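> My structure is below; once you've seen it, I'll send some questions.
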Amino acid sequence: MCGIAGLFLKNKALEPQLGALMSGMLNVLTERGPDSAGFAIYGAAMPGYVKFTVRVPFGFNAADLALQLEAVVTEHDDHVVISVPTARAAEIQAFLEKRPEFTIVSIGSRMELFKGVGLPEEVSARFGLASMSGTHAIGHTRMATESAVTTEGAHPFSTGADQCLVHNGSLSNHNDVRRSLVRQGIKFATQNDTEVAAGYLSYKLREGAKLDEALTSALNDLDGFYNFVVGTESGFGVLRDPVSCKPAVMAETGDYVAFASEYRALAGLPGIEAARLFEPEPAKVYFWERAA
Amino acid sequence: MSAVLPKNMESTVNFDLAAASLRELNATLQSLSPDTNQTAWTILNPRGEHALAVGITVPVSVTINGHAGYYCAGMNDGAAVTINGNVGTGVAENMMSGLVHVKGDASQSAGATAHGGLLIIDGNASARCGISMKGIDIVVKGNVGHMSAFMAQSGNFVICGDAGDALGDSLYEARIFVKGKVASLGADCEKKEMTEEDKTILANLLQKAGIEDSVESFTRYGSARTLYHFHVDNVGAY
C-alpha cells in the first residue's frame, strides 16, 4: 500500500503552517502505511550555505560535533542538520563519510529529510514536523512489501542535492536495474525497490538528463507499478505508471497544489472545498515549480 | 446521531459524519426496513471517507454532500444515491439495482462487476470504468480512462466524451456507445452497426441521464467474439 502526500505552497502566508499541514496529511495516511514514515521539507536557504541532514547514533552529542566542525548543528531526534559554508561542503562530506556511525540522509541548500520507523504521528512528533515551515514538502507513510521495515527502507530517498523521491507501488525489475546501476558506480544501502528508482534517477541526472527527461525514461526502464512524487529545490513532480493501479488525487487552489494517495488526506487543507480536484493521468510527467 | 422519527412522518434525515461514525451511518442505512418512512437521507461532512452508503437494500434516497472515498454506494440494491462531489475508486461496485449519480468525477473502476441499476457520472471517470460489468447501465457524461469495459459481460455503457486506450479489451456481451474519440480498442472489441434495439436502449439511457444528444451521434462497439469461444485451432494453447 503506502501513502504519499505532497504540498506545494503558492501563498507565502501559509509557509509557517507547512509542517503542520503536512503532519495532518501524513496522519490521515497512517492506514495506508503504519510501519514507517518520512518527509522532506524545503525551508529557507541561507545564501552561501549547504545543509547536511545526518542520522546519528542514540545518545549522540550535537554540541560536540558543532564545536568539532565549527558548524551550526540542529538536533531533530536521531537526525541532525549541519549547516556549513558551501566552500566547506566537500570537506564536511568527506568527514561524515569516514565515520560509520553517521549516515548522510540528504544534502542541499534548502531540503531537510527525516525518516524513521513507527506510526506517522510518532515519527512526525519525534522530528517536530508540525512546527517546521517552508515552501513545499513531500511525505510518505510506508507499508513495506519489497524489503524490511527499517529506517533505511523508509521514504523519501534522496536522489541528489535538494532532490528526493517517494514511491507507492512495487517495482518488479529492481534487482536487474540495481545490478546495472552498481556497474555504473551507483551505491545502494538496502534491498529496497524504491532505492533503485532513486538510484536510477540519480544516474540519469549524473549522465546529463533533466529531471523530466529522467522521469520519462523511467517509464521504459522501470517495470512494475508506481506513483512517484519527486521533490526538487523549486517544486515537485509526479509520475504514474501506464497502468495506474495506485491511487492519486491532486488539488489546486490559488494558495497551493497538493498531492495525496487519497482525498481524505486533502480534506483538512484550507479552502479545499473550492479546490480544483483531478487525478493525474497515467504515464504523464507533471511538474509544479516556483518561479526563480 | 441516529434520528428516529415517528412512523408516517416523512422528512429528510441529516446524518453528520463530523458527529457520528461511518460505521454508525452504514449500520443505520443497512437496517432500514423496506417500508420505512425515513426515505430521504443527507450525509454531511463525508470528507472522502471510504465505503459510504454501502450495501443498502431498500429504496431510499441518499444524498452525500461532498467528496466520497472508495467503494461509495457499493453493493447498492435499490437505493438512489447522489454524490454532490467526486468519488474515489470503485463507486457503485457490484451494484445490484437502483441508481448512483455522481455529480463530479469518478476515479478508477467505477461500476466494477455491477449486476444492475444505473450509474450516472456527470464528470469524467478514470481507468477501468465498467470493468467486468455484469448487467449495469453506465452513463458517463465526460471521458473515461484506459481499459474501460475490460471483460465487460453484459449491460450498457454510454460514454459521451472520449475513451482512453484499450476500450473493451476482452469484451463479452456488454454494449458500448461512444460519442467522442476512442484512443484505441482493446483485443476483440470492434465497431458495430447500430441496430434498432441498440438505438432504443441508447435513447432510453440518454433520456434517463438527461442528455439531449442524438442517438446518431454515437458509435456502437461490441465484442468480435473471437476470444471467448473455444476454437479447435487454439487447442494447443490451452
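By order in the C-alpha cells, chains are A, B, ...; within a chain, residues start at 1; ligands start at 1, following the order shown.
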Taking only C-alpha atoms into account, find every residue of chain B that has an atom no more than 10 Å from chain A, and write it out as an MDAnalysis selection string.

chainID B and resid 45:50 66:70 85:89 104:109 124:128 145:147

> Can you list, as a PyMOL selection string, every protein, DNA or RNA residue that comes within 8 Å of segment 197-211 of chain B when you count only C-alpha atoms, leaving out same-chain residues fewer than 2 positions away?

chain B and resi 120+137+139+158+177+194-195+213-215

> Output the selection as a short mmCIF file (atom, residue, chain, number, x, y, z; two decimals), in the first residue's frame - all heavy atoms for each residue.


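And here's part01.cif as it stands now:
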```
data_model
loop_
_atom_site.label_atom_id
_atom_site.label_comp_id
_atom_site.auth_asym_id
_atom_site.auth_seq_id
_atom_site.Cartn_x
_atom_site.Cartn_y
_atom_site.Cartn_z
N ILE B 120 -24.72 7.02 -13.14
CA ILE B 120 -24.52 8.22 -13.97
C ILE B 120 -23.37 9.01 -13.40
O ILE B 120 -23.35 9.30 -12.19
CB ILE B 120 -25.79 9.10 -13.99
CG1 ILE B 120 -26.99 8.31 -14.54
CG2 ILE B 120 -25.56 10.37 -14.82
CD1 ILE B 120 -28.32 9.05 -14.41
N ASP B 137 -26.14 -0.50 -16.18
CA ASP B 137 -26.07 0.52 -17.21
C ASP B 137 -25.22 1.67 -16.65
O ASP B 137 -25.43 2.10 -15.52
CB ASP B 137 -27.46 1.06 -17.55
CG ASP B 137 -28.31 0.00 -18.24
OD1 ASP B 137 -27.73 -0.79 -19.02
OD2 ASP B 137 -29.53 -0.05 -17.99
N VAL B 139 -23.67 5.55 -17.58
CA VAL B 139 -23.62 6.71 -18.48
C VAL B 139 -22.57 7.68 -17.93
O VAL B 139 -22.70 8.15 -16.79
CB VAL B 139 -24.98 7.43 -18.58
CG1 VAL B 139 -24.88 8.64 -19.51
CG2 VAL B 139 -26.06 6.47 -19.05
N VAL B 158 -22.52 3.95 -21.83
CA VAL B 158 -22.60 5.12 -22.70
C VAL B 158 -21.51 6.11 -22.30
O VAL B 158 -21.43 6.49 -21.13
CB VAL B 158 -23.98 5.80 -22.58
CG1 VAL B 158 -24.06 7.02 -23.49
CG2 VAL B 158 -25.09 4.81 -22.89
N PHE B 177 -21.36 2.47 -26.21
CA PHE B 177 -21.71 3.57 -27.11
C PHE B 177 -20.79 4.75 -26.80
O PHE B 177 -20.73 5.20 -25.66
CB PHE B 177 -23.16 4.00 -26.89
CG PHE B 177 -24.16 2.88 -27.03
CD1 PHE B 177 -24.59 2.17 -25.91
CD2 PHE B 177 -24.68 2.55 -28.28
CE1 PHE B 177 -25.52 1.15 -26.03
CE2 PHE B 177 -25.61 1.53 -28.40
CZ PHE B 177 -26.04 0.81 -27.28
N MET B 194 -25.23 0.04 -35.60
CA MET B 194 -26.22 0.34 -34.56
C MET B 194 -27.57 -0.25 -34.99
O MET B 194 -28.16 0.17 -35.99
CB MET B 194 -26.32 1.85 -34.39
CG MET B 194 -27.21 2.31 -33.29
SD MET B 194 -26.37 2.66 -31.74
CE MET B 194 -25.59 4.22 -32.05
N THR B 195 -28.07 -1.23 -34.26
CA THR B 195 -29.36 -1.85 -34.59
C THR B 195 -30.50 -1.02 -34.00
O THR B 195 -30.27 -0.13 -33.17
CB THR B 195 -29.46 -3.27 -34.02
OG1 THR B 195 -29.41 -3.16 -32.59
CG2 THR B 195 -28.30 -4.15 -34.50
N ASP B 213 -28.24 14.69 -26.55
CA ASP B 213 -27.55 14.30 -27.78
C ASP B 213 -28.38 13.29 -28.57
O ASP B 213 -29.13 12.50 -28.00
CB ASP B 213 -26.20 13.65 -27.45
CG ASP B 213 -25.26 14.64 -26.79
OD1 ASP B 213 -25.43 15.85 -27.00
OD2 ASP B 213 -24.36 14.20 -26.04
N SER B 214 -28.19 13.32 -29.90
CA SER B 214 -28.93 12.38 -30.72
C SER B 214 -28.25 11.02 -30.69
O SER B 214 -27.03 10.91 -30.53
CB SER B 214 -29.00 12.88 -32.16
OG SER B 214 -27.74 12.72 -32.76
N VAL B 215 -29.07 10.00 -30.83
CA VAL B 215 -28.57 8.62 -30.86
C VAL B 215 -27.56 8.45 -31.99
O VAL B 215 -26.57 7.74 -31.86
CB VAL B 215 -29.79 7.67 -31.02
CG1 VAL B 215 -29.35 6.29 -31.39
CG2 VAL B 215 -30.61 7.68 -29.75
#
```

> Would you return as a list in words the members of segment 6-59 of chain A that DSSP assigns to alpha helix (DSSP H) on this structure's backbone?

Leu18, Gly19, Ala20, Leu21, Met22, Ser23, Gly24, Met25, Leu26, Asn27 and Val28 of chain A

> Please save N, CA and C atoms of the selected residues as a PDB file, in the first residue's frame.


```pdb
ATOM      1  N   LEU A  18       3.311  25.070   6.924  1.00  0.00           N
ATOM      2  CA  LEU A  18       3.598  23.931   6.037  1.00  0.00           C
ATOM      3  C   LEU A  18       3.752  22.625   6.810  1.00  0.00           C
ATOM      4  N   GLY A  19       4.570  22.656   7.864  1.00  0.00           N
ATOM      5  CA  GLY A  19       4.822  21.436   8.629  1.00  0.00           C
ATOM      6  C   GLY A  19       3.562  20.896   9.277  1.00  0.00           C
ATOM      7  N   ALA A  20       2.747  21.795   9.812  1.00  0.00           N
ATOM      8  CA  ALA A  20       1.512  21.366  10.471  1.00  0.00           C
ATOM      9  C   ALA A  20       0.549  20.742   9.465  1.00  0.00           C
ATOM     10  N   LEU A  21       0.455  21.347   8.274  1.00  0.00           N
ATOM     11  CA  LEU A  21      -0.439  20.805   7.247  1.00  0.00           C
ATOM     12  C   LEU A  21       0.057  19.443   6.768  1.00  0.00           C
ATOM     13  N   MET A  22       1.374  19.331   6.545  1.00  0.00           N
ATOM     14  CA  MET A  22       1.944  18.054   6.103  1.00  0.00           C
ATOM     15  C   MET A  22       1.764  16.984   7.171  1.00  0.00           C
ATOM     16  N   SER A  23       1.953  17.369   8.415  1.00  0.00           N
ATOM     17  CA  SER A  23       1.782  16.426   9.511  1.00  0.00           C
ATOM     18  C   SER A  23       0.349  15.886   9.534  1.00  0.00           C
ATOM     19  N   GLY A  24      -0.616  16.770   9.320  1.00  0.00           N
ATOM     20  CA  GLY A  24      -2.025  16.348   9.275  1.00  0.00           C
ATOM     21  C   GLY A  24      -2.282  15.383   8.134  1.00  0.00           C
ATOM     22  N   MET A  25      -1.685  15.656   6.982  1.00  0.00           N
ATOM     23  CA  MET A  25      -1.881  14.779   5.821  1.00  0.00           C
ATOM     24  C   MET A  25      -1.287  13.396   6.100  1.00  0.00           C
ATOM     25  N   LEU A  26      -0.105  13.371   6.689  1.00  0.00           N
ATOM     26  CA  LEU A  26       0.548  12.077   6.956  1.00  0.00           C
ATOM     27  C   LEU A  26      -0.247  11.265   7.988  1.00  0.00           C
ATOM     28  N   ASN A  27      -0.805  11.947   8.986  1.00  0.00           N
ATOM     29  CA  ASN A  27      -1.603  11.225   9.986  1.00  0.00           C
ATOM     30  C   ASN A  27      -2.758  10.482   9.337  1.00  0.00           C
ATOM     31  N   VAL A  28      -3.441  11.158   8.417  1.00  0.00           N
ATOM     32  CA  VAL A  28      -4.583  10.512   7.753  1.00  0.00           C
ATOM     33  C   VAL A  28      -4.113   9.293   6.961  1.00  0.00           C
TER      34      VAL A  28
END
```

> As an exercise, work out the distance from atom CA of Leu7 of chain A to atom CA of Gly134 of chain A in Å and give it to one decimal place.

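Interatomic distance here is 10.2 Å.
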
> Residues at most 8 Å from Val117 of chain A, counting only C-alpha atoms, excluding those fewer than 3 positions away in the same chain, as a ChimeraX atom specification?

/A:35-37,123,149-151,154

> Would you return as an MDAnalysis selection string the members of segment 154-188 of chain B that DSSP assigns to strand (DSSP E or B) on this structure's backbone?

chainID B and resid 154:159 163 167 175:178 182 185

> To one decimal place, how far is atom CA of Met132 of chain A from atom CA of Glu91 of chain A in Å?

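Result for atom CA of Met132 of chain A versus atom CA of Glu91 of chain A: 28.3 Å, one decimal.
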
> What lies within 8 Å of Asn156 of chain B using only C-alpha atoms, ignoring chain neighbours under 4 positions off, as an MDAnalysis selection string?

chainID B and resid 135:138 174:177

> Tyr49 of chain A: which residues within 8 Å, counting only C-alpha atoms, same-chain residues fewer than 6 positions away excluded, as a list in words?

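Selected residues are Ser83, Val84, Pro85, Thr86 and Ser109 of chain A.
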
> Write the residues of the preceding selection, restricted to N, CA, C and O atoms, as a PDB file, in the first residue's frame.


```
ATOM      1  N   SER A  83      24.702  22.857   9.069  1.00  0.00           N
ATOM      2  CA  SER A  83      24.805  23.917   8.051  1.00  0.00           C
ATOM      3  C   SER A  83      26.247  24.400   7.995  1.00  0.00           C
ATOM      4  O   SER A  83      26.802  24.789   9.021  1.00  0.00           O
ATOM      5  N   VAL A  84      26.820  24.370   6.800  1.00  0.00           N
ATOM      6  CA  VAL A  84      28.205  24.820   6.645  1.00  0.00           C
ATOM      7  C   VAL A  84      28.321  25.680   5.382  1.00  0.00           C
ATOM      8  O   VAL A  84      27.519  25.534   4.462  1.00  0.00           O
ATOM      9  N   PRO A  85      29.307  26.562   5.339  1.00  0.00           N
ATOM     10  CA  PRO A  85      29.507  27.324   4.101  1.00  0.00           C
ATOM     11  C   PRO A  85      29.778  26.372   2.936  1.00  0.00           C
ATOM     12  O   PRO A  85      30.444  25.338   3.114  1.00  0.00           O
ATOM     13  N   THR A  86      29.237  26.717   1.773  1.00  0.00           N
ATOM     14  CA  THR A  86      29.353  25.847   0.598  1.00  0.00           C
ATOM     15  C   THR A  86      30.811  25.479   0.324  1.00  0.00           C
ATOM     16  O   THR A  86      31.104  24.348  -0.080  1.00  0.00           O
ATOM     17  N   SER A 109      20.710  22.869  -0.352  1.00  0.00           N
ATOM     18  CA  SER A 109      20.691  24.215   0.207  1.00  0.00           C
ATOM     19  C   SER A 109      19.393  24.457   0.963  1.00  0.00           C
ATOM     20  O   SER A 109      19.335  25.247   1.891  1.00  0.00           O
TER      21      SER A 109
END
```

> Near Ile82 of chain A, within 12 Å and counting only C-alpha atoms, which residues show up once chain neighbours fewer than 3 positions away are dropped, as a ChimeraX atom specification?

/A:49-56,62-63,65-76,79,85-86,88-89,92-93,96,104-112

> Distance atom CA of Tyr71 of chain B-atom CA of Ala51 of chain B, one decimal place?

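Going from atom CA of Tyr71 of chain B over to atom CA of Ala51 of chain B, I get 5.0 Å.
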
> For Phe127 of chain A, list every protein, DNA or RNA residue within 10 Å, evaluated using only C-alpha atoms, and leave out those in the same chain fewer than 6 positions away; present the list as a JSON list (two decimals) with N, CA and C atoms, in the first residue's frame.


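Here's the written file result.json:
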```
[["chain", "number", "residue", "atom", "x", "y", "z"],
["A", 38, "GLY", "N", 8.24, 9.32, 6.66],
["A", 38, "GLY", "CA", 9.33, 10.26, 6.44],
["A", 38, "GLY", "C", 8.85, 11.43, 5.63],
["A", 39, "PHE", "N", 9.65, 12.47, 5.61],
["A", 39, "PHE", "CA", 9.27, 13.65, 4.85],
["A", 39, "PHE", "C", 10.51, 14.46, 4.50],
["A", 75, "GLU", "N", 19.47, 19.71, 16.23],
["A", 75, "GLU", "CA", 19.05, 18.33, 16.54],
["A", 75, "GLU", "C", 17.57, 18.12, 16.27],
["A", 76, "HIS", "N", 17.25, 16.99, 15.66],
["A", 76, "HIS", "CA", 15.87, 16.55, 15.49],
["A", 76, "HIS", "C", 15.87, 15.05, 15.80],
["A", 77, "ASP", "N", 15.65, 14.69, 17.06],
["A", 77, "ASP", "CA", 15.66, 13.28, 17.47],
["A", 77, "ASP", "C", 16.97, 12.62, 17.02],
["A", 78, "ASP", "N", 16.90, 11.55, 16.21],
["A", 78, "ASP", "CA", 18.14, 10.88, 15.80],
["A", 78, "ASP", "C", 18.69, 11.42, 14.48],
["A", 79, "HIS", "N", 18.23, 12.59, 14.07],
["A", 79, "HIS", "CA", 18.79, 13.25, 12.90],
["A", 79, "HIS", "C", 19.37, 14.60, 13.36],
["A", 80, "VAL", "N", 20.40, 15.04, 12.69],
["A", 80, "VAL", "CA", 20.87, 16.42, 12.91],
["A", 80, "VAL", "C", 21.00, 17.10, 11.55],
["A", 114, "PHE", "N", 13.87, 13.76, 6.82],
["A", 114, "PHE", "CA", 13.78, 12.99, 8.06],
["A", 114, "PHE", "C", 12.92, 11.76, 7.84],
["A", 115, "LYS", "N", 13.35, 10.63, 8.38],
["A", 115, "LYS", "CA", 12.51, 9.43, 8.27],
["A", 115, "LYS", "C", 12.82, 8.47, 9.39],
["A", 116, "GLY", "N", 11.83, 7.65, 9.71],
["A", 116, "GLY", "CA", 12.04, 6.70, 10.79],
["A", 116, "GLY", "C", 10.94, 5.66, 10.84]]
```
